[in-house]
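So this one's work-v7.cif, mmCIF, C-alpha atoms:
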data_target
#
loop_
_atom_site.label_atom_id
_atom_site.label_comp_id
_atom_site.auth_asym_id
_atom_site.auth_seq_id
_atom_site.Cartn_x
_atom_site.Cartn_y
_atom_site.Cartn_z
CA MET A 1 -1.75 -0.27 26.88
CA LEU A 2 0.13 -2.75 29.01
CA LYS A 3 1.61 -6.08 27.99
CA LYS A 4 -0.83 -7.92 30.28
CA GLU A 5 -3.79 -6.28 28.53
CA VAL A 6 -2.51 -7.37 25.11
CA ALA A 7 -1.87 -10.86 26.48
CA TYR A 8 -5.45 -11.06 27.78
CA ILE A 9 -6.91 -10.10 24.40
CA ARG A 10 -4.59 -12.45 22.52
CA LYS A 11 -5.59 -15.33 24.77
CA GLN A 12 -9.23 -14.99 23.67
CA PHE A 13 -8.45 -15.73 20.02
CA LYS A 14 -9.27 -19.40 19.89
CA LEU A 15 -12.28 -21.27 18.59
CA ASP A 16 -15.38 -21.55 20.78
CA HIS A 17 -13.96 -19.22 23.43
CA GLU A 18 -16.76 -18.04 25.71
CA LYS A 19 -15.32 -14.52 26.00
CA LEU A 20 -14.90 -13.84 22.28
CA GLN A 21 -17.36 -13.35 19.45
CA ILE A 22 -16.32 -12.60 15.87
CA TYR A 23 -19.24 -11.50 13.74
CA ASP A 24 -17.92 -10.91 10.24
CA ILE A 25 -14.75 -11.33 8.22
CA LEU A 26 -13.74 -9.41 5.09
CA ASN A 27 -10.85 -10.51 2.86
CA VAL A 28 -9.52 -8.14 0.19
CA TYR A 29 -7.07 -9.40 -2.45
CA ILE A 30 -4.61 -6.84 -3.91
CA MET A 31 -2.81 -7.60 -7.19
CA LYS A 32 0.78 -6.38 -7.29
CA GLU A 33 0.69 -5.71 -11.06
CA THR A 34 -2.21 -3.25 -10.87
CA ASN A 35 -1.99 -2.30 -7.16
CA GLU A 36 -5.76 -2.45 -7.13
CA ILE A 37 -8.46 -4.52 -5.45
CA TYR A 38 -8.80 -7.71 -7.50
CA HIS A 39 -11.40 -9.43 -5.35
CA TYR A 40 -13.08 -9.15 -1.96
CA GLU A 41 -15.22 -11.53 0.03
CA ARG A 42 -17.28 -10.92 3.16
CA GLN A 43 -19.21 -13.44 5.19
CA PRO A 44 -20.27 -14.17 8.77
CA PHE A 45 -17.33 -15.75 10.59
CA ALA A 46 -19.58 -18.52 11.90
CA LEU A 47 -20.17 -19.71 8.31
CA VAL A 48 -16.45 -20.03 7.54
CA ASP A 49 -15.16 -23.61 7.40
CA ARG A 50 -13.77 -24.63 10.76
CA GLU A 51 -10.36 -25.44 9.26
CA LYS A 52 -10.18 -21.90 7.87
CA GLN A 53 -11.32 -20.46 11.20
CA GLU A 54 -8.38 -22.17 12.89
CA LEU A 55 -5.96 -20.69 10.34
CA TYR A 56 -7.39 -17.21 10.88
CA MET A 57 -7.22 -17.53 14.67
CA GLY A 58 -3.58 -18.55 14.41
CA ASN A 59 -2.92 -15.52 12.22
CA PHE A 60 -4.59 -13.13 14.68
CA LYS A 61 -2.67 -14.56 17.65
CA LYS A 62 0.57 -14.25 15.68
CA LEU A 63 -0.24 -10.63 14.84
CA LEU A 64 -0.74 -9.76 18.52
CA ALA A 65 2.43 -11.53 19.66
CA GLY A 66 5.64 -9.75 20.60
CA GLU A 67 7.04 -7.15 22.98
CA MET A 68 5.58 -3.68 23.41
CA ASP A 69 7.57 -0.98 21.57
CA GLN A 70 9.32 -3.66 19.53
CA LYS A 71 6.52 -5.33 17.57
CA LEU A 72 3.46 -3.81 19.25
CA PHE A 73 2.94 -0.05 19.50
CA GLU A 74 0.12 1.83 21.16
CA LEU A 75 -0.44 4.98 19.10
CA LYS A 76 -2.57 8.08 19.51
CA LEU A 77 -4.81 8.78 16.52
CA HIS A 78 -4.81 12.31 15.12
CA GLU A 79 -7.72 14.25 13.69
CA GLU A 80 -5.74 16.78 11.66
CA ALA A 81 -5.91 14.72 8.45
CA GLU A 82 -8.36 15.63 5.70
CA GLU A 83 -10.25 12.38 6.32
CA PRO A 84 -8.99 11.15 9.70
CA THR A 85 -8.90 7.39 10.11
CA ARG A 86 -9.96 7.76 13.75
CA VAL A 87 -13.39 8.93 12.61
CA LEU A 88 -13.64 6.11 10.06
CA LEU A 89 -12.65 3.44 12.59
CA HIS A 90 -14.97 4.76 15.29
CA GLN A 91 -17.88 4.85 12.87
CA ALA A 92 -17.11 1.28 11.79
CA LEU A 93 -16.85 0.21 15.43
CA VAL A 94 -20.26 1.50 16.52
CA THR A 95 -22.33 0.77 13.42
CA GLY A 96 -24.68 -2.16 13.58
CA ASP A 97 -24.96 -2.26 9.78
CA VAL A 98 -22.59 -4.84 8.30
CA GLU A 99 -22.85 -3.19 4.86
CA GLU A 100 -21.69 0.13 6.29
CA TRP A 101 -18.82 -1.61 8.11
CA HIS A 102 -17.85 -3.29 4.82
CA ASP A 103 -17.86 0.02 2.91
CA LEU A 104 -15.76 1.74 5.59
CA MET A 105 -13.16 -1.03 5.50
CA ILE A 106 -12.93 -0.74 1.72
CA LEU A 107 -12.33 3.00 2.15
CA LEU A 108 -9.49 2.14 4.51
CA VAL A 109 -8.01 -0.26 1.94
CA GLU A 110 -8.09 2.55 -0.62
CA LYS A 111 -6.07 4.70 1.81
CA MET A 112 -3.55 1.84 2.01
CA LEU A 113 -3.26 1.78 -1.78
CA ALA A 114 -3.00 5.55 -2.26
CA ASP A 115 0.77 6.01 -1.95
CA THR A 116 2.05 2.46 -1.65
CA HIS A 117 2.94 -0.12 -4.28
CA TYR A 118 2.85 -3.68 -3.02
CA GLU A 119 5.71 -5.85 -4.24
CA LYS A 120 3.71 -9.06 -3.80
CA ASP A 121 0.07 -10.01 -4.08
CA THR A 122 -1.39 -9.09 -0.70
CA VAL A 123 -4.44 -10.11 1.29
CA ILE A 124 -5.93 -7.64 3.79
CA THR A 125 -8.20 -9.27 6.34
CA PHE A 126 -10.66 -7.43 8.60
CA VAL A 127 -12.78 -8.91 11.36
CA ARG A 128 -15.24 -7.25 13.69
CA GLY A 129 -16.42 -8.67 16.95
CA GLN A 130 -16.33 -8.22 20.70
CA TYR A 131 -14.58 -9.71 23.70
CA TYR A 132 -15.64 -9.79 27.32
CA GLN A 133 -13.49 -8.66 30.22
CA PRO A 134 -14.28 -9.24 33.92
CA THR A 135 -14.89 -6.08 35.92
CA LYS A 136 -13.13 -7.53 38.96
CA THR A 137 -10.60 -10.19 39.88
CA ARG A 138 -12.10 -13.62 40.53
CA ASN A 139 -12.50 -14.50 44.19
CA GLU A 140 -11.85 -18.20 44.60
CA GLU A 141 -13.71 -18.32 47.93
CA ALA A 142 -16.80 -16.54 46.67
CA GLU A 143 -19.68 -18.35 45.04
CA GLU A 144 -20.12 -15.93 42.16
CA SER A 145 -18.20 -16.46 38.91
CA GLU A 146 -15.93 -13.87 37.28
CA ASN A 147 -18.41 -13.95 34.40
CA ASP A 148 -21.16 -12.40 36.53
CA GLU A 149 -19.90 -8.88 35.74
CA VAL A 150 -18.04 -8.20 32.50
CA PHE A 151 -17.22 -5.33 30.19
CA THR A 152 -18.28 -5.79 26.56
CA ASN A 153 -15.56 -4.48 24.26
CA PRO A 154 -16.28 -4.26 20.53
CA PHE A 155 -13.19 -4.32 18.28
CA ILE A 156 -11.90 -4.27 14.72
CA LEU A 157 -8.79 -6.23 13.80
CA CYS A 158 -6.85 -5.87 10.56
CA SER A 159 -4.17 -8.33 9.41
CA ILE A 160 -2.09 -7.74 6.27
CA ASN A 161 -0.47 -10.81 4.72
CA THR A 162 1.60 -11.34 1.59
CA THR A 163 1.39 -14.33 -0.73
CA GLU A 164 3.96 -16.63 -2.28
CA GLN A 165 3.90 -19.01 -5.23
CA GLN A 166 3.91 -22.71 -4.51
CA LYS A 167 7.09 -24.60 -5.30
CA LYS A 168 7.29 -26.82 -8.38
CA THR A 169 7.18 -30.48 -7.43
CA LEU A 170 7.55 -33.95 -8.90
CA MET A 171 4.72 -36.32 -8.04
CA PHE A 172 3.89 -40.00 -8.62
CA ASP A 173 0.49 -40.94 -10.09
CA TYR A 174 -0.63 -44.26 -8.53
CA VAL A 175 -3.32 -44.83 -11.17
CA GLU A 176 -1.22 -44.11 -14.26
CA ARG A 177 1.93 -45.42 -12.59
CA GLU A 178 4.11 -42.63 -13.81
CA PHE A 179 6.02 -39.62 -12.52
CA LYS A 180 4.43 -36.27 -13.30
CA TYR A 181 5.50 -32.66 -13.09
CA ASN A 182 3.10 -30.90 -10.77
CA VAL A 183 2.45 -27.20 -11.47
CA LEU A 184 0.29 -25.29 -8.98
CA VAL A 185 -0.46 -21.70 -9.91
CA ASP A 186 -2.62 -20.71 -6.94
CA PRO A 187 -0.68 -18.51 -4.48
CA ILE A 188 -0.34 -19.36 -0.79
CA ILE A 189 -1.42 -16.72 1.72
CA LYS A 190 1.27 -16.50 4.42
CA LEU A 191 -1.03 -16.42 7.45
CA SER A 192 1.74 -17.71 9.71
CA SER A 193 3.81 -14.54 9.27
CA PRO A 194 1.63 -11.39 9.01
CA GLU A 195 3.36 -8.31 7.62
CA GLN A 196 1.53 -5.81 9.81
CA GLY A 197 -1.91 -4.86 11.05
CA PHE A 198 -3.75 -3.22 13.91
CA PHE A 199 -6.25 -3.78 16.72
CA TYR A 200 -8.79 -1.02 17.42
CA PRO A 201 -9.54 0.37 19.91
CA SER A 202 -6.65 0.17 22.32
CA VAL A 203 -7.17 -0.40 26.05
CA THR A 204 -6.33 2.00 28.89
CA ASP A 205 -6.82 0.90 32.51
CA GLY A 206 -9.09 -1.91 31.31
CA TYR A 207 -11.34 0.37 29.24
CA SER A 208 -11.51 0.73 25.46
CA ASP A 209 -9.76 3.90 24.26
CA VAL A 210 -11.19 4.95 20.89
CA ASN A 211 -8.52 7.64 20.53
CA ARG A 212 -5.73 5.05 20.37
CA VAL A 213 -4.88 2.03 18.26
CA LEU A 214 -2.54 -0.93 18.77
CA TYR A 215 -0.31 -1.13 15.69
CA CYS A 216 1.32 -4.51 15.07
CA SER A 217 4.55 -4.88 13.08
CA GLY A 218 5.62 -8.15 11.50
CA ARG A 219 9.28 -7.53 12.32
CA ALA A 220 10.76 -6.31 15.59
CA ASN A 221 11.82 -2.65 15.66
CA GLU A 222 10.69 -2.14 12.04
CA PRO A 223 7.31 -0.36 12.17
CA ASN A 224 6.00 0.94 8.86
CA GLN A 225 6.04 4.69 9.52
CA HIS A 226 4.24 5.49 6.26
CA PHE A 227 1.36 3.17 7.21
CA ILE A 228 1.27 4.63 10.73
CA GLU A 229 1.20 8.28 9.64
CA GLU A 230 -0.60 8.22 6.28
CA VAL A 231 -3.03 5.30 6.67
CA LEU A 232 -3.79 5.27 10.39
CA ASN A 233 -3.11 9.03 10.79
CA ALA A 234 -1.39 8.20 14.07
CA GLU A 235 1.58 9.71 15.89
CA LYS A 236 5.04 8.67 14.78
CA THR A 237 6.40 5.95 17.00
CA VAL A 238 9.85 5.38 18.51
CA THR A 239 10.99 1.79 18.92
CA ALA A 240 12.61 0.39 22.05
CA LEU A 241 15.85 0.03 20.08
CA GLU A 242 15.77 3.72 19.12
CA GLU A 243 14.98 4.81 22.68
CA ARG A 244 17.87 2.74 23.99
CA ALA A 245 20.18 4.49 21.51
CA ILE A 246 18.82 7.88 22.63
CA PHE A 247 19.53 7.05 26.27
CA GLU A 248 23.06 5.91 25.46
CA GLU A 249 23.79 9.12 23.52
CA ILE A 250 22.47 11.27 26.38
CA VAL A 251 24.66 9.45 28.93
CA LYS A 252 27.71 9.83 26.65
CA GLU A 253 26.96 13.53 26.26
CA VAL A 254 26.96 13.95 30.05
CA ALA A 255 29.51 11.41 31.28
CA GLY A 256 31.74 10.85 28.26
CA ASP A 257 32.33 7.74 26.16
CA GLN A 258 34.17 5.70 28.79
CA LEU A 259 32.58 4.32 31.96
CA ASP A 260 33.67 1.48 34.20
CA ALA A 261 31.51 -1.63 34.45
CA SER A 262 30.41 -0.96 38.03
CA THR A 263 29.04 2.45 37.06
CA ILE A 264 27.12 1.00 34.12
CA ALA A 265 25.79 -1.78 36.36
CA SER A 266 24.68 0.78 38.94
CA VAL A 267 22.79 2.81 36.31
CA TYR A 268 20.94 -0.31 35.17
CA GLU A 269 20.14 -1.25 38.75
CA GLU A 270 18.67 2.21 39.37
CA ILE A 271 16.47 1.94 36.29
CA TYR A 272 15.42 -1.55 37.28
CA GLN A 273 14.40 -0.22 40.70
CA VAL A 274 12.22 2.41 39.04
CA ILE A 275 10.45 -0.31 37.04
CA GLU A 276 10.01 -2.59 40.06
CA THR A 277 8.64 0.11 42.40
CA HIS A 278 6.41 1.82 39.82
CA GLU A 279 2.80 1.50 41.01
CA GLU A 280 0.85 3.30 38.28
CA GLU A 281 -0.76 1.52 35.34
CA GLU A 282 1.20 3.50 32.74
CA PRO A 283 4.77 2.24 32.08
CA PRO A 284 7.40 4.30 33.95
CA LYS A 285 9.28 6.97 32.02
CA LEU A 286 12.55 8.79 32.66
CA ASP A 287 12.92 12.55 32.22
CA TYR A 288 16.13 14.56 32.50
CA LYS A 289 15.75 14.85 36.28
CA ASP A 290 15.53 11.07 36.63
CA VAL A 291 18.62 10.58 34.47
CA GLU A 292 20.52 13.20 36.49
CA HIS A 293 19.66 11.39 39.73
CA MET A 294 20.66 7.96 38.36
CA LEU A 295 24.02 9.15 37.07
CA THR A 296 24.77 10.97 40.31
CA VAL A 297 24.04 8.04 42.64
CA SER A 298 25.95 5.74 40.27
CA GLY A 299 29.13 7.71 40.85
CA VAL A 300 29.41 9.80 37.69
CA GLU A 301 31.19 13.02 38.56
CA ASN A 302 30.15 16.61 37.83
CA VAL A 303 26.56 15.77 36.91
CA THR A 304 23.99 18.54 37.17
CA ALA A 305 20.36 18.81 36.15
CA GLU A 306 21.28 21.64 33.76
CA LYS A 307 23.94 19.51 32.08
CA VAL A 308 21.52 16.60 31.55
CA GLU A 309 18.83 19.00 30.34
CA ARG A 310 21.21 20.34 27.68
CA ALA A 311 22.03 16.77 26.66
CA PHE A 312 18.32 16.05 26.10
CA GLU A 313 18.04 19.18 23.96
CA THR A 314 21.14 18.21 21.96
CA ILE A 315 20.13 14.59 21.30
CA VAL A 316 16.33 14.78 20.88
CA ASP A 317 15.80 18.53 20.62
CA ASP A 318 13.35 18.41 23.55
CA LYS A 319 14.37 18.89 27.18
CA ASN A 320 11.00 17.48 28.32
CA TYR A 321 11.36 14.24 26.35
CA GLU A 322 10.59 11.13 28.42
CA ILE A 323 12.22 7.74 27.80
CA LYS A 324 10.40 4.52 28.62
CA ALA A 325 12.41 2.77 31.31
CA SER A 326 11.59 -0.67 29.92
CA SER A 327 13.22 0.28 26.60
CA VAL A 328 16.54 1.14 28.23
CA VAL A 329 17.37 -1.78 30.49
CA PRO A 330 17.17 -5.47 29.62
CA LYS A 331 14.97 -7.58 31.85
CA PHE A 332 17.19 -8.98 34.56
CA THR A 333 15.42 -12.30 34.49
CA SER A 334 15.69 -13.14 30.82
CA LYS A 335 18.05 -10.93 28.83
CA SER A 336 21.77 -10.24 28.92
CA ILE A 337 24.18 -7.48 28.03
CA LYS A 338 26.81 -8.20 25.40
CA ILE A 339 30.44 -7.17 25.79
CA ASP A 340 31.86 -6.96 22.28
CA THR A 341 35.57 -7.51 21.56
CA LYS A 342 37.46 -8.63 18.46
CA VAL A 343 38.36 -11.88 20.19
CA ALA A 344 34.96 -12.82 21.57
CA THR A 345 31.48 -11.62 22.51
CA ILE A 346 30.73 -12.13 26.20
CA SER A 347 27.15 -12.12 27.55
CA VAL A 348 26.43 -11.29 31.17
CA SER A 349 23.23 -10.48 33.01
CA PRO A 350 22.87 -6.80 34.01
CA GLN A 351 23.12 -7.55 37.75
CA ASP A 352 26.47 -9.34 37.21
CA LEU A 353 28.03 -6.53 35.20
CA LYS A 354 29.63 -5.17 38.40
CA TYR A 355 31.96 -8.21 38.43
CA VAL A 356 33.47 -7.25 35.05
CA ARG A 357 36.60 -5.09 34.71
CA GLN A 358 38.75 -3.91 31.84
CA VAL A 359 42.35 -3.97 33.11
CA ASN A 360 45.84 -3.33 31.77
CA TYR A 361 48.06 -6.40 32.17
CA GLN A 362 51.64 -6.27 30.87
CA GLY A 363 50.71 -3.48 28.47
CA LYS A 364 47.67 -5.26 27.09
CA ARG A 365 44.00 -4.54 27.72
CA CYS A 366 42.17 -7.53 29.21
CA ILE A 367 38.64 -8.30 30.32
CA MET A 368 38.60 -9.63 33.89
CA ILE A 369 35.49 -11.29 35.34
CA GLU A 370 35.30 -12.07 39.04
CA VAL A 371 33.77 -15.53 39.65
CA ASP A 372 33.01 -17.59 42.77
CA GLU A 373 33.57 -20.99 41.18
CA ASP A 374 35.78 -22.68 38.61
CA ALA A 375 35.16 -21.71 34.99
CA VAL A 376 34.16 -24.63 32.73
CA ILE A 377 34.67 -24.68 28.94
CA GLU A 378 33.13 -27.56 26.98
CA GLY A 379 33.23 -29.73 30.09
CA PHE A 380 36.85 -28.89 30.99
CA THR A 381 37.66 -26.95 34.17
CA LEU A 382 40.14 -24.12 33.64
CA ASN A 383 43.33 -24.00 35.69
CA THR A 384 43.54 -21.07 38.11
CA GLU A 385 46.59 -18.88 37.42
CA THR A 386 48.11 -16.40 39.84
CA LEU A 387 49.09 -13.08 38.20
#
Is it possible to express this structure as structure tokens?
Amino acid sequence: MLKKEVAYIRKQFKLDHEKLQIYDILNVYIMKETNEIYHYERQPFALVDREKQELYMGNFKKLLAGEMDQKLFELKLHEEAEEPTRVLLHQALVTGDVEEWHDLMILLVEKMLADTHYEKDTVITFVRGQYYQPTKTRNEEAEESENDEVFTNPFILCSINTTEQQKKTLMFDYVEREFKYNVLVDPIIKLSSPEQGFFYPSVTDGYSDVNRVLYCSGRANEPNQHFIEEVLNAEKTVTALEERAIFEEIVKEVAGDQLDASTIASVYEEIYQVIETHEEEEPPKLDYKDVEHMLTVSGVENVTAEKVERAFETIVDDKNYEIKASSVVPKFTSKSIKIDTKVATISVSPQDLKYVRQVNYQGKRCIMIEVDEDAVIEGFTLNTETL
């Protein structure tokens, strides 16, 4: 599932959108004291108050926001479990009976409660509906609309949200003309910051993929592995942060701990080229042969395919492991690489890393950055010194 496909789906979640229909909504309230279902409520989404609909739409958009492999993870669903969730979700997706859909979602909630104790009262929200996707790109010069041919994609979305108690307040009563202590015991459902959830089915090449699910984490690089494996019965995921660490360890295993800035910059440029020239729909991945090529052309000495292959086996115990290229290199247009020292942290874009050097000056290690113009600090131009 690509970022653009998630963005397209997310864009549909607004009221009265012509390409989105939500049929039913089911809210399940879990009490932390008993870790059991305290209350549930199901109704057609069209009958929900419009103000509530807006809150729910905001929650769903928030759930689907974030970077792939950081907050959003496309996962393959397994069938080895005793009662595989893939079968449950597919049955709930295709049924036209709202009562059956309701019962299947309650079964899924019971799986969530089986081995987990919630620290706060929690609300689990399910919706079922469908969105429409054009079969072809709109032609501005043609008379026909992009809505003439569309795919109909049914879906189930689950959003899990914790609650919090309202703060105690002091209020003024205009009628009685006195100050009163206001105590509100009803909890607030934190729809603006969902804990986790999922969107089923995922999308591959524009088509619904019932064998995959989009898992959504509330915090970047912190997916709930227990929920993924035991509730969704999906494959264990690796975050972008973890993949970046894997890549760094493999490079250190092959090239050693110390590399000059130009070599590091060259490696990033090679990876960036792979991303830019990749033509397939699936995100580009790097195997040990790709890493061997990148290190060689970047000037690392004594690099062989066998040496990199052994590094893969040492670090991830799998010589055929593939690393997502997007997880390794920051985007040149928006992110920077940090150079950490005890004195300061310096941020530079990956393409400018080649202008950075660590040098020895009068017995002291110094960071030297080549620049084309005067350096300015808080509005003051630095004097240029000749060493």
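Proximity to A:Ala261 was assessed for A:Gln70, A:Gln351, A:Thr239, A:Thr204 counting all atoms listed in the file; the smallest distance is recorded for A:Gln351.
Ranking A:Gln53, A:Asn59, A:Ser193, A:Asn320 by their shortest atom-to-atom distance to A:Gly218, with all atoms listed in the file included, puts A:Ser193 first.
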Evaluate the PyMOL selection byres ((chain A and resi 347) around 9) and report residues as a PDB file with C-alpha atoms, keeping the file's coordinate frame:
ATOM      1  CA  SER A 336      21.770 -10.240  28.920  1.00  0.00           C
ATOM      2  CA  ILE A 337      24.180  -7.480  28.030  1.00  0.00           C
ATOM      3  CA  LYS A 338      26.810  -8.200  25.400  1.00  0.00           C
ATOM      4  CA  ILE A 339      30.440  -7.170  25.790  1.00  0.00           C
ATOM      5  CA  ASP A 340      31.860  -6.960  22.280  1.00  0.00           C
ATOM      6  CA  THR A 345      31.480 -11.620  22.510  1.00  0.00           C
ATOM      7  CA  ILE A 346      30.730 -12.130  26.200  1.00  0.00           C
ATOM      8  CA  VAL A 348      26.430 -11.290  31.170  1.00  0.00           C
ATOM      9  CA  SER A 349      23.230 -10.480  33.010  1.00  0.00           C
TER      10      SER A 349
END
With distances taken over all atoms listed in the file, the candidate from A:Val127, A:Leu15, A:Val303, A:Val238 nearest A:Asp49 is A:Leu15
note - atom CA of A:Ile30 and atom CA of A:Leu113 are separated by 9.0 Å
So which residues touch stretch 149-156 of chain A within 9 Å, counting all atoms listed in the file, skipping near sequence neighbours fewer than 5 positions away, as a PDB file with C-alpha atoms, in the frame of the given file?
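File result-v3.pdb, as written:
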ATOM      1  CA  LEU A  89     -12.650   3.440  12.590  1.00  0.00           C
ATOM      2  CA  ALA A  92     -17.110   1.280  11.790  1.00  0.00           C
ATOM      3  CA  LEU A  93     -16.850   0.210  15.430  1.00  0.00           C
ATOM      4  CA  VAL A  94     -20.260   1.500  16.520  1.00  0.00           C
ATOM      5  CA  PHE A 126     -10.660  -7.430   8.600  1.00  0.00           C
ATOM      6  CA  VAL A 127     -12.780  -8.910  11.360  1.00  0.00           C
ATOM      7  CA  ARG A 128     -15.240  -7.250  13.690  1.00  0.00           C
ATOM      8  CA  GLY A 129     -16.420  -8.670  16.950  1.00  0.00           C
ATOM      9  CA  GLN A 130     -16.330  -8.220  20.700  1.00  0.00           C
ATOM     10  CA  TYR A 131     -14.580  -9.710  23.700  1.00  0.00           C
ATOM     11  CA  TYR A 132     -15.640  -9.790  27.320  1.00  0.00           C
ATOM     12  CA  GLN A 133     -13.490  -8.660  30.220  1.00  0.00           C
ATOM     13  CA  PRO A 134     -14.280  -9.240  33.920  1.00  0.00           C
ATOM     14  CA  THR A 135     -14.890  -6.080  35.920  1.00  0.00           C
ATOM     15  CA  LYS A 136     -13.130  -7.530  38.960  1.00  0.00           C
ATOM     16  CA  PHE A 198      -3.750  -3.220  13.910  1.00  0.00           C
ATOM     17  CA  PHE A 199      -6.250  -3.780  16.720  1.00  0.00           C
ATOM     18  CA  TYR A 200      -8.790  -1.020  17.420  1.00  0.00           C
ATOM     19  CA  PRO A 201      -9.540   0.370  19.910  1.00  0.00           C
ATOM     20  CA  SER A 202      -6.650   0.170  22.320  1.00  0.00           C
ATOM     21  CA  GLY A 206      -9.090  -1.910  31.310  1.00  0.00           C
ATOM     22  CA  TYR A 207     -11.340   0.370  29.240  1.00  0.00           C
ATOM     23  CA  SER A 208     -11.510   0.730  25.460  1.00  0.00           C
TER      24      SER A 208
END
request  = Report the residues retrieved by the PyMOL selection byres ((chain A and resi 12) around 12) from the displayed file, expressed as a VMD selection string.
outcome  = chain A and resid 5 to 11 13 to 22 57 to 58 60 to 61 64 129 to 133
Note to self: What's around A:Ile106 at 10 Å? Count only C-alpha atoms, leave out sequence neighbours fewer than 5 positions away in its own chain, and write the answer as a PyMOL selection string.
What the structure shows: chain A and resi 26+28+37+40+100-101+111-112+126
Resolved residues for the PyMOL selection byres ((chain A and resi 246) around 12) as a VMD selection string
chain A and resid 238 to 245 247 to 253 286 311 to 318 321 to 325 327 to 328
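For stretch 161-169 of chain A, the set of protein, DNA and RNA residues having any atom at most 7 Å away, when counting all atoms listed in the file and skipping those fewer than 4 positions along the same chain, is A:Lys120, A:Asp121, A:Thr122, A:Val123, A:Ile124, A:Tyr181, A:Asn182, A:Val183, A:Leu184, A:Val185, A:Asp186, A:Pro187, A:Ile188, A:Ile189, A:Lys190, A:Leu191, A:Pro194, A:Glu195.
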key: For A:Val254: contacts at 10 Å, all atoms listed in the file, fewer than 5 positions along chain excluded, given as a ChimeraX atom specification   = /A:249,292,295,300-304,307-312
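Every polymer residue reaching to within 7 Å of (7.9, -36.7, -11.8), counting only C-alpha atoms, appears in this list: A:Leu170, A:Met171, A:Phe172, A:Phe179, A:Lys180, A:Tyr181.
As for atom CA of A:Leu72 and atom CA of A:Lys319, they are spaced 26.4 Å apart.
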note - atom CA of A:Val356 and atom CA of A:Ser262 are separated by 7.6 Å
Across A:Pro223, A:Cys216, A:Val231, A:Met105, the smallest distance to A:Glu82, with only C-alpha atoms counted, is shown by A:Val231
Among A:Ala46, A:Leu2, A:Ala220, A:Leu232, A:Leu108 is approached most closely, using all atoms listed in the file, by A:Leu232
Residue with the minimum atom-to-atom distance to A:Leu157, picked from A:Tyr288, A:Asn211, A:Thr125, A:Glu99 with all atoms listed in the file counted, is A:Thr125
Can you save stretch 218-227 of chain A of the given block to a file, including N, CA, C and O atoms and formatted as a JSON list (two decimals), in the first residue's frame?
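Produced file out_11.json, reproduced below:
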[["chain", "number", "residue", "atom", "x", "y", "z"],
["A", 218, "GLY", "N", -0.92, 4.99, 17.16],
["A", 218, "GLY", "CA", -1.11, 6.35, 17.64],
["A", 218, "GLY", "C", 0.19, 7.11, 17.81],
["A", 218, "GLY", "O", 0.20, 8.34, 17.77],
["A", 219, "ARG", "N", 1.30, 6.37, 17.98],
["A", 219, "ARG", "CA", 2.61, 7.00, 18.18],
["A", 219, "ARG", "C", 3.60, 6.45, 17.17],
["A", 219, "ARG", "O", 3.63, 5.25, 16.90],
["A", 220, "ALA", "N", 4.42, 7.35, 16.63],
["A", 220, "ALA", "CA", 5.37, 6.97, 15.59],
["A", 220, "ALA", "C", 6.37, 5.94, 16.11],
["A", 220, "ALA", "O", 6.89, 6.06, 17.22],
["A", 221, "ASN", "N", 6.61, 4.92, 15.30],
["A", 221, "ASN", "CA", 7.59, 3.87, 15.59],
["A", 221, "ASN", "C", 7.29, 3.10, 16.87],
["A", 221, "ASN", "O", 8.19, 2.52, 17.48],
["A", 222, "GLU", "N", 6.02, 3.08, 17.29],
["A", 222, "GLU", "CA", 5.62, 2.32, 18.47],
["A", 222, "GLU", "C", 4.38, 1.47, 18.19],
["A", 222, "GLU", "O", 3.34, 1.62, 18.84],
["A", 223, "PRO", "N", 4.45, 0.57, 17.20],
["A", 223, "PRO", "CA", 3.29, -0.30, 16.96],
["A", 223, "PRO", "C", 3.10, -1.28, 18.11],
["A", 223, "PRO", "O", 4.06, -1.69, 18.75],
["A", 224, "ASN", "N", 1.86, -1.63, 18.37],
["A", 224, "ASN", "CA", 1.53, -2.58, 19.42],
["A", 224, "ASN", "C", 1.66, -3.99, 18.84],
["A", 224, "ASN", "O", 0.75, -4.49, 18.18],
["A", 225, "GLN", "N", 2.81, -4.63, 19.09],
["A", 225, "GLN", "CA", 3.07, -5.93, 18.49],
["A", 225, "GLN", "C", 2.10, -7.00, 18.98],
["A", 225, "GLN", "O", 1.73, -7.91, 18.24],
["A", 226, "HIS", "N", 1.68, -6.90, 20.25],
["A", 226, "HIS", "CA", 0.72, -7.88, 20.77],
["A", 226, "HIS", "C", -0.60, -7.76, 20.01],
["A", 226, "HIS", "O", -1.20, -8.78, 19.62],
["A", 227, "PHE", "N", -1.08, -6.56, 19.78],
["A", 227, "PHE", "CA", -2.32, -6.35, 19.04],
["A", 227, "PHE", "C", -2.17, -6.87, 17.61],
["A", 227, "PHE", "O", -3.07, -7.54, 17.08]]
